[in-house]
file run_5.pdb (PDB, C-alpha atoms)
ATOM      1  CA  MET A   1     187.595 274.054 115.658
ATOM      2  CA  THR A   2     187.323 272.027 118.751
ATOM      3  CA  GLU A   3     188.279 268.919 116.879
ATOM      4  CA  PHE A   4     189.611 268.025 113.453
ATOM      5  CA  GLY A   5     188.581 264.398 113.277
ATOM      6  CA  PRO A   6     191.493 262.508 111.772
ATOM      7  CA  VAL A   7     193.573 265.686 111.297
ATOM      8  CA  ALA A   8     196.535 266.124 113.626
ATOM      9  CA  TRP A   9     197.018 269.526 115.251
ATOM     10  CA  PRO A  10     199.128 271.525 114.929
ATOM     11  CA  PRO A  11     199.928 271.258 111.265
ATOM     12  CA  ALA A  12     203.375 272.185 109.994
ATOM     13  CA  PRO A  13     203.672 275.946 109.530
ATOM     14  CA  ILE A  14     201.913 277.081 106.364
ATOM     15  CA  ARG A  15     204.103 279.265 104.152
ATOM     16  CA  THR A  16     202.816 281.687 101.542
ATOM     17  CA  GLY A  17     204.730 284.124  99.367
ATOM     18  CA  ARG A  18     205.194 286.571 102.269
ATOM     19  CA  LEU A  19     203.716 284.998 105.393
ATOM     20  CA  VAL A  20     203.922 282.055 107.751
ATOM     21  CA  LEU A  21     200.834 280.722 109.536
ATOM     22  CA  ARG A  22     201.967 279.046 112.739
ATOM     23  CA  GLU A  23     201.101 278.348 116.353
ATOM     24  CA  PRO A  24     201.354 281.178 118.910
ATOM     25  CA  GLU A  25     204.657 281.590 120.752
ATOM     26  CA  ALA A  26     205.767 283.568 123.809
ATOM     27  CA  ARG A  27     207.234 286.271 121.535
ATOM     28  CA  ASP A  28     203.689 287.021 120.273
ATOM     29  CA  ARG A  29     202.341 288.204 123.647
ATOM     30  CA  ALA A  30     202.741 291.952 123.044
ATOM     31  CA  ALA A  31     201.132 291.702 119.596
ATOM     32  CA  VAL A  32     198.245 289.626 121.014
ATOM     33  CA  ILE A  33     197.614 292.323 123.621
ATOM     34  CA  GLU A  34     197.781 295.063 120.996
ATOM     35  CA  LEU A  35     195.404 293.162 118.698
ATOM     36  CA  PHE A  36     192.698 292.587 121.301
ATOM     37  CA  THR A  37     192.901 296.075 122.859
ATOM     38  CA  SER A  38     193.026 298.046 119.594
ATOM     39  CA  PRO A  39     189.978 300.294 119.070
ATOM     40  CA  GLU A  40     190.431 300.060 115.276
ATOM     41  CA  VAL A  41     190.557 296.256 115.243
ATOM     42  CA  SER A  42     187.573 295.823 117.539
ATOM     43  CA  THR A  43     185.227 298.367 115.922
ATOM     44  CA  TYR A  44     182.903 295.640 114.597
ATOM     45  CA  ILE A  45     183.403 292.984 117.270
ATOM     46  CA  GLY A  46     182.158 294.622 120.436
ATOM     47  CA  GLY A  47     184.867 297.176 121.145
ATOM     48  CA  PRO A  48     188.349 296.905 122.638
ATOM     49  CA  ARG A  49     189.156 295.093 125.819
ATOM     50  CA  GLN A  50     190.697 297.080 128.647
ATOM     51  CA  ARG A  51     194.468 296.951 128.147
ATOM     52  CA  GLU A  52     195.449 296.729 131.821
ATOM     53  CA  GLU A  53     193.024 293.898 132.491
ATOM     54  CA  PHE A  54     193.987 292.043 129.314
ATOM     55  CA  GLU A  55     197.704 292.316 130.166
ATOM     56  CA  ARG A  56     196.953 290.672 133.517
ATOM     57  CA  VAL A  57     195.069 287.705 132.029
ATOM     58  CA  VAL A  58     197.169 286.920 128.946
ATOM     59  CA  PRO A  59     199.715 284.257 129.865
ATOM     60  CA  GLU A  60     203.406 284.731 129.084
ATOM     61  CA  ALA A  61     203.026 282.201 126.270
ATOM     62  CA  PRO A  62     199.713 282.834 124.471
ATOM     63  CA  LYS A  63     197.426 279.820 124.489
ATOM     64  CA  ARG A  64     197.652 277.354 121.659
ATOM     65  CA  ARG A  65     194.486 275.723 120.454
ATOM     66  CA  PRO A  66     193.296 273.807 117.418
ATOM     67  CA  GLY A  67     192.242 276.151 114.643
ATOM     68  CA  LEU A  68     194.284 279.187 115.733
ATOM     69  CA  PHE A  69     197.012 280.395 113.407
ATOM     70  CA  VAL A  70     199.299 283.334 114.131
ATOM     71  CA  VAL A  71     200.073 285.251 110.943
ATOM     72  CA  ASP A  72     203.794 286.000 110.897
ATOM     73  CA  LEU A  73     205.494 288.539 108.614
ATOM     74  CA  ASP A  74     209.287 288.573 108.775
ATOM     75  CA  GLY A  75     209.305 287.010 112.256
ATOM     76  CA  ALA A  76     206.624 289.253 113.793
ATOM     77  CA  MET A  77     202.958 288.553 114.449
ATOM     78  CA  ILE A  78     200.659 290.824 112.405
ATOM     79  CA  GLY A  79     197.368 289.033 113.035
ATOM     80  CA  ILE A  80     195.494 285.816 113.578
ATOM     81  CA  VAL A  81     193.342 283.553 111.445
ATOM     82  CA  THR A  82     190.979 281.110 113.130
ATOM     83  CA  LEU A  83     188.987 278.109 112.015
ATOM     84  CA  ASP A  84     186.415 277.227 114.652
ATOM     85  CA  ARG A  85     183.306 275.087 114.762
ATOM     86  CA  ARG A  86     180.150 277.170 114.560
ATOM     87  CA  ASP A  87     177.926 276.433 117.536
ATOM     88  CA  PRO A  88     175.226 273.951 116.451
ATOM     89  CA  GLU A  89     172.748 276.042 118.485
ATOM     90  CA  HIS A  90     173.462 279.157 116.377
ATOM     91  CA  PRO A  91     170.319 280.067 114.423
ATOM     92  CA  VAL A  92     172.156 280.458 111.099
ATOM     93  CA  HIS A  93     173.776 277.500 109.330
ATOM     94  CA  VAL A  94     174.274 276.156 105.831
ATOM     95  CA  ARG A  95     173.611 272.630 107.134
ATOM     96  CA  PRO A  96     170.942 272.629 109.866
ATOM     97  CA  GLY A  97     172.107 270.898 113.028
ATOM     98  CA  ALA A  98     175.717 270.802 111.827
ATOM     99  CA  SER A  99     178.688 272.710 113.131
ATOM    100  CA  GLU A 100     180.434 274.046 110.068
ATOM    101  CA  ALA A 101     183.985 275.324 110.074
ATOM    102  CA  GLU A 102     183.919 279.106 110.528
ATOM    103  CA  LEU A 103     186.700 281.417 109.362
ATOM    104  CA  GLY A 104     187.706 284.365 111.525
ATOM    105  CA  TYR A 105     190.522 286.894 111.243
ATOM    106  CA  MET A 106     191.972 289.916 113.010
ATOM    107  CA  PHE A 107     194.983 291.943 111.873
ATOM    108  CA  LEU A 108     196.913 294.804 113.431
ATOM    109  CA  PRO A 109     196.076 298.132 111.753
ATOM    110  CA  HIS A 110     199.638 298.690 110.467
ATOM    111  CA  SER A 111     199.203 295.572 108.317
ATOM    112  CA  TRP A 112     195.919 296.649 106.696
ATOM    113  CA  GLY A 113     195.818 297.424 102.993
ATOM    114  CA  HIS A 114     198.724 295.182 101.931
ATOM    115  CA  GLY A 115     196.800 292.019 101.029
ATOM    116  CA  TYR A 116     198.080 290.069 104.045
ATOM    117  CA  ALA A 117     194.594 289.121 105.264
ATOM    118  CA  ALA A 118     193.617 287.764 101.854
ATOM    119  CA  GLU A 119     196.898 285.848 101.561
ATOM    120  CA  ALA A 120     196.653 284.370 105.063
ATOM    121  CA  CYS A 121     192.957 283.496 104.855
ATOM    122  CA  ALA A 122     193.389 281.881 101.430
ATOM    123  CA  ALA A 123     196.207 279.745 102.858
ATOM    124  CA  ALA A 124     194.066 278.721 105.847
ATOM    125  CA  LEU A 125     191.155 277.862 103.545
ATOM    126  CA  GLY A 126     193.478 275.812 101.363
ATOM    127  CA  TRP A 127     194.714 273.938 104.417
ATOM    128  CA  CYS A 128     191.125 273.363 105.587
ATOM    129  CA  ALA A 129     190.091 272.058 102.149
ATOM    130  CA  GLY A 130     192.879 269.482 102.359
ATOM    131  CA  ALA A 131     192.204 268.595 105.994
ATOM    132  CA  LEU A 132     188.411 268.427 105.700
ATOM    133  CA  PRO A 133     187.714 267.632 102.021
ATOM    134  CA  GLY A 134     184.385 268.895 100.745
ATOM    135  CA  GLU A 135     183.401 270.647 103.978
ATOM    136  CA  PRO A 136     181.985 274.148 103.525
ATOM    137  CA  VAL A 137     183.467 277.015 105.531
ATOM    138  CA  VAL A 138     181.266 279.849 106.764
ATOM    139  CA  LEU A 139     181.993 283.447 107.691
ATOM    140  CA  THR A 140     179.985 286.127 109.471
ATOM    141  CA  THR A 141     180.726 289.833 109.419
ATOM    142  CA  GLN A 142     178.792 293.031 109.957
ATOM    143  CA  THR A 143     177.607 294.518 106.670
ATOM    144  CA  ALA A 144     178.984 297.857 107.903
ATOM    145  CA  ASN A 145     182.499 296.356 107.925
ATOM    146  CA  GLU A 146     183.345 297.197 104.322
ATOM    147  CA  ARG A 147     186.906 295.816 104.487
ATOM    148  CA  SER A 148     185.673 292.458 105.749
ATOM    149  CA  MET A 149     182.894 292.356 103.137
ATOM    150  CA  ARG A 150     185.472 292.963 100.360
ATOM    151  CA  LEU A 151     187.761 290.281 101.794
ATOM    152  CA  ALA A 152     184.907 287.739 101.929
ATOM    153  CA  ALA A 153     184.128 288.413  98.263
ATOM    154  CA  LYS A 154     187.794 288.217  97.269
ATOM    155  CA  LEU A 155     188.130 284.858  99.038
ATOM    156  CA  GLY A 156     185.112 283.486  97.157
ATOM    157  CA  PHE A 157     182.491 283.479  99.910
ATOM    158  CA  THR A 158     178.922 283.752  98.645
ATOM    159  CA  GLU A 159     176.085 285.249 100.616
ATOM    160  CA  VAL A 160     173.714 282.799 102.291
ATOM    161  CA  GLU A 161     171.682 285.307 104.270
ATOM    162  CA  ARG A 162     171.644 288.471 106.339
ATOM    163  CA  TYR A 163     170.306 288.702 109.850
ATOM    164  CA  GLU A 164     170.272 291.015 112.858
ATOM    165  CA  ALA A 165     172.513 290.333 115.863
ATOM    166  CA  TYR A 166     174.399 292.472 118.375
ATOM    167  CA  GLY A 167     172.376 295.491 117.236
ATOM    168  CA  ALA A 168     173.674 295.363 113.652
ATOM    169  CA  GLU A 169     173.027 293.675 110.325
ATOM    170  CA  GLN A 170     175.210 290.576 109.905
ATOM    171  CA  TRP A 171     176.315 289.004 106.621
ATOM    172  CA  PHE A 172     176.578 285.215 106.596
ATOM    173  CA  GLY A 173     178.451 283.607 103.720
ATOM    174  CA  MET A 174     179.782 280.243 102.633
ATOM    175  CA  TRP A 175     182.923 279.040 100.865
ATOM    176  CA  SER A 176     183.071 275.603  99.309
ATOM    177  CA  PRO A 177     186.287 273.978  98.213
ATOM    178  CA  VAL A 178     186.405 272.894  94.602
ATOM    179  CA  VAL A 179     186.354 269.132  94.531
ATOM    180  CA  LEU A 180     187.682 267.782  91.255
ATOM    181  CA  SER A 181     186.293 264.480  90.153
ATOM    182  CA  GLY A 182     188.573 262.122  88.313
TER
END

call {"tool": "encode", "arguments": {"input": "run_5.pdb", "output": "structure tokens"}}
result
Amino acid sequence: MTEFGPVAWPPAPIRTGRLVLREPEARDRAAVIELFTSPEVSTYIGGPRQREEFERVVPEAPKRRPGLFVVDLDGAMIGIVTLDRRDPEHPVHVRPGASEAELGYMFLPHSWGHGYAAEACAAALGWCAGALPGEPVVLTTQTANERSMRLAAKLGFTEVERYEAYGAEQWFGMWSPVVLSG
């Protein structure tokens, strides 16, 4: 997200049963490089970046920005979760002309299959529901990305529509926080 309105950034680290969601630190640089240059991670997002080039451009302390959480397991980065504003010019929205919060995630392959992505994304969604009460969160993934499709369902995203982009069918879903009335 480029802005959070009245919400201060960064929030205090978010702790789950096994993970900590926190800001990036200098010690995360090697994991950031591995994440963005991994062929497995980038299969559905345009392919890996060239390692040598990426090593040159990544600063010693990875950039901090609103909406970016490093996912930390036992003191080591295993992935990232992002909450960004969807471009108002994007053709697919749940609220035309609005810029909804959009969930993104990338995890190192050694962390796949342990439920870390679901745990981290659920924590980020919980934080977002508290920070931006009642605001829907959207997610886009390729339909061919079966792991991401299962994660979206597990997190409670519901399909809004499918569309073609980047030469592949995209799935666009929405998550709405439960707002209890008193």

call {"tool": "closest_residue", "arguments": {"input": "run_5.pdb", "among": "A:Glu100, A:Asp72, A:Glu146, A:Asp28", "to": "Pro13 (chain A)", "atoms": "only C-alpha atoms"}}
result
A:Asp72

call {"tool": "resolve_selection", "arguments": {"input": "run_5.pdb", "expression": "the PyMOL selection byres ((chain A and resi 157) around 12)", "output": "PyMOL selection string"}}
result
chain A and resi 102-103+121-122+125+136-141+148-156+158-161+171-177

call {"tool": "resolve_selection", "arguments": {"input": "run_5.pdb", "expression": "the PyMOL selection byres ((chain A and resi 74) around 10)", "output": "ChimeraX atom specification"}}
result
/A:18-20,72-73,75-78

call {"tool": "write_last_selection", "arguments": {"input": "run_5.pdb", "atoms": "C-alpha atoms", "output": "mmCIF file, in the coordinates of the input"}}
result
data_model
loop_
_atom_site.group_PDB
_atom_site.id
_atom_site.type_symbol
_atom_site.label_atom_id
_atom_site.label_comp_id
_atom_site.auth_asym_id
_atom_site.auth_seq_id
_atom_site.Cartn_x
_atom_site.Cartn_y
_atom_site.Cartn_z
ATOM 1 C CA ARG A 18 205.194 286.571 102.269
ATOM 2 C CA LEU A 19 203.716 284.998 105.393
ATOM 3 C CA VAL A 20 203.922 282.055 107.751
ATOM 4 C CA ASP A 72 203.794 286.000 110.897
ATOM 5 C CA LEU A 73 205.494 288.539 108.614
ATOM 6 C CA GLY A 75 209.305 287.010 112.256
ATOM 7 C CA ALA A 76 206.624 289.253 113.793
ATOM 8 C CA MET A 77 202.958 288.553 114.449
ATOM 9 C CA ILE A 78 200.659 290.824 112.405
#

call {"tool": "atom_distance", "arguments": {"input": "run_5.pdb", "atom1": "CA of Ala26 (chain A)", "atom2": "CA of Pro109 (chain A)"}}
result
21.2 Å

call {"tool": "closest_residue", "arguments": {"input": "run_5.pdb", "among": "A:Ala168, A:Ala30, A:Val41, A:Val81", "to": "Cys128 (chain A)", "atoms": "all atoms listed in the file"}}
result
A:Val81

call {"tool": "atom_distance", "arguments": {"input": "run_5.pdb", "atom1": "CA of Gly115 (chain A)", "atom2": "CA of Val7 (chain A)"}}
result
28.4 Å

call {"tool": "closest_residue", "arguments": {"input": "run_5.pdb", "among": "A:Gly104, A:Pro39, A:Gly130, A:Gly46", "to": "Gly167 (chain A)", "atoms": "all atoms listed in the file"}}
result
A:Gly46

call {"tool": "atom_distance", "arguments": {"input": "run_5.pdb", "atom1": "CA of Arg95 (chain A)", "atom2": "CA of Pro11 (chain A)"}}
result
26.7 Å

call {"tool": "resolve_selection", "arguments": {"input": "run_5.pdb", "expression": "the PyMOL selection byres ((chain A and resi 68) around 10)", "output": "PDB file with C-alpha atoms, in the frame of the given file"}}
result
ATOM      1  CA  MET A   1     187.595 274.054 115.658  1.00  0.00           C
ATOM      2  CA  PRO A  10     199.128 271.525 114.929  1.00  0.00           C
ATOM      3  CA  LEU A  21     200.834 280.722 109.536  1.00  0.00           C
ATOM      4  CA  ARG A  22     201.967 279.046 112.739  1.00  0.00           C
ATOM      5  CA  GLU A  23     201.101 278.348 116.353  1.00  0.00           C
ATOM      6  CA  PRO A  24     201.354 281.178 118.910  1.00  0.00           C
ATOM      7  CA  LYS A  63     197.426 279.820 124.489  1.00  0.00           C
ATOM      8  CA  ARG A  64     197.652 277.354 121.659  1.00  0.00           C
ATOM      9  CA  ARG A  65     194.486 275.723 120.454  1.00  0.00           C
ATOM     10  CA  PRO A  66     193.296 273.807 117.418  1.00  0.00           C
ATOM     11  CA  GLY A  67     192.242 276.151 114.643  1.00  0.00           C
ATOM     12  CA  PHE A  69     197.012 280.395 113.407  1.00  0.00           C
ATOM     13  CA  VAL A  70     199.299 283.334 114.131  1.00  0.00           C
ATOM     14  CA  VAL A  71     200.073 285.251 110.943  1.00  0.00           C
ATOM     15  CA  ILE A  80     195.494 285.816 113.578  1.00  0.00           C
ATOM     16  CA  VAL A  81     193.342 283.553 111.445  1.00  0.00           C
ATOM     17  CA  THR A  82     190.979 281.110 113.130  1.00  0.00           C
ATOM     18  CA  LEU A  83     188.987 278.109 112.015  1.00  0.00           C
ATOM     19  CA  ASP A  84     186.415 277.227 114.652  1.00  0.00           C
ATOM     20  CA  GLY A 104     187.706 284.365 111.525  1.00  0.00           C
ATOM     21  CA  TYR A 105     190.522 286.894 111.243  1.00  0.00           C
ATOM     22  CA  ALA A 124     194.066 278.721 105.847  1.00  0.00           C
TER      23      ALA A 124
END
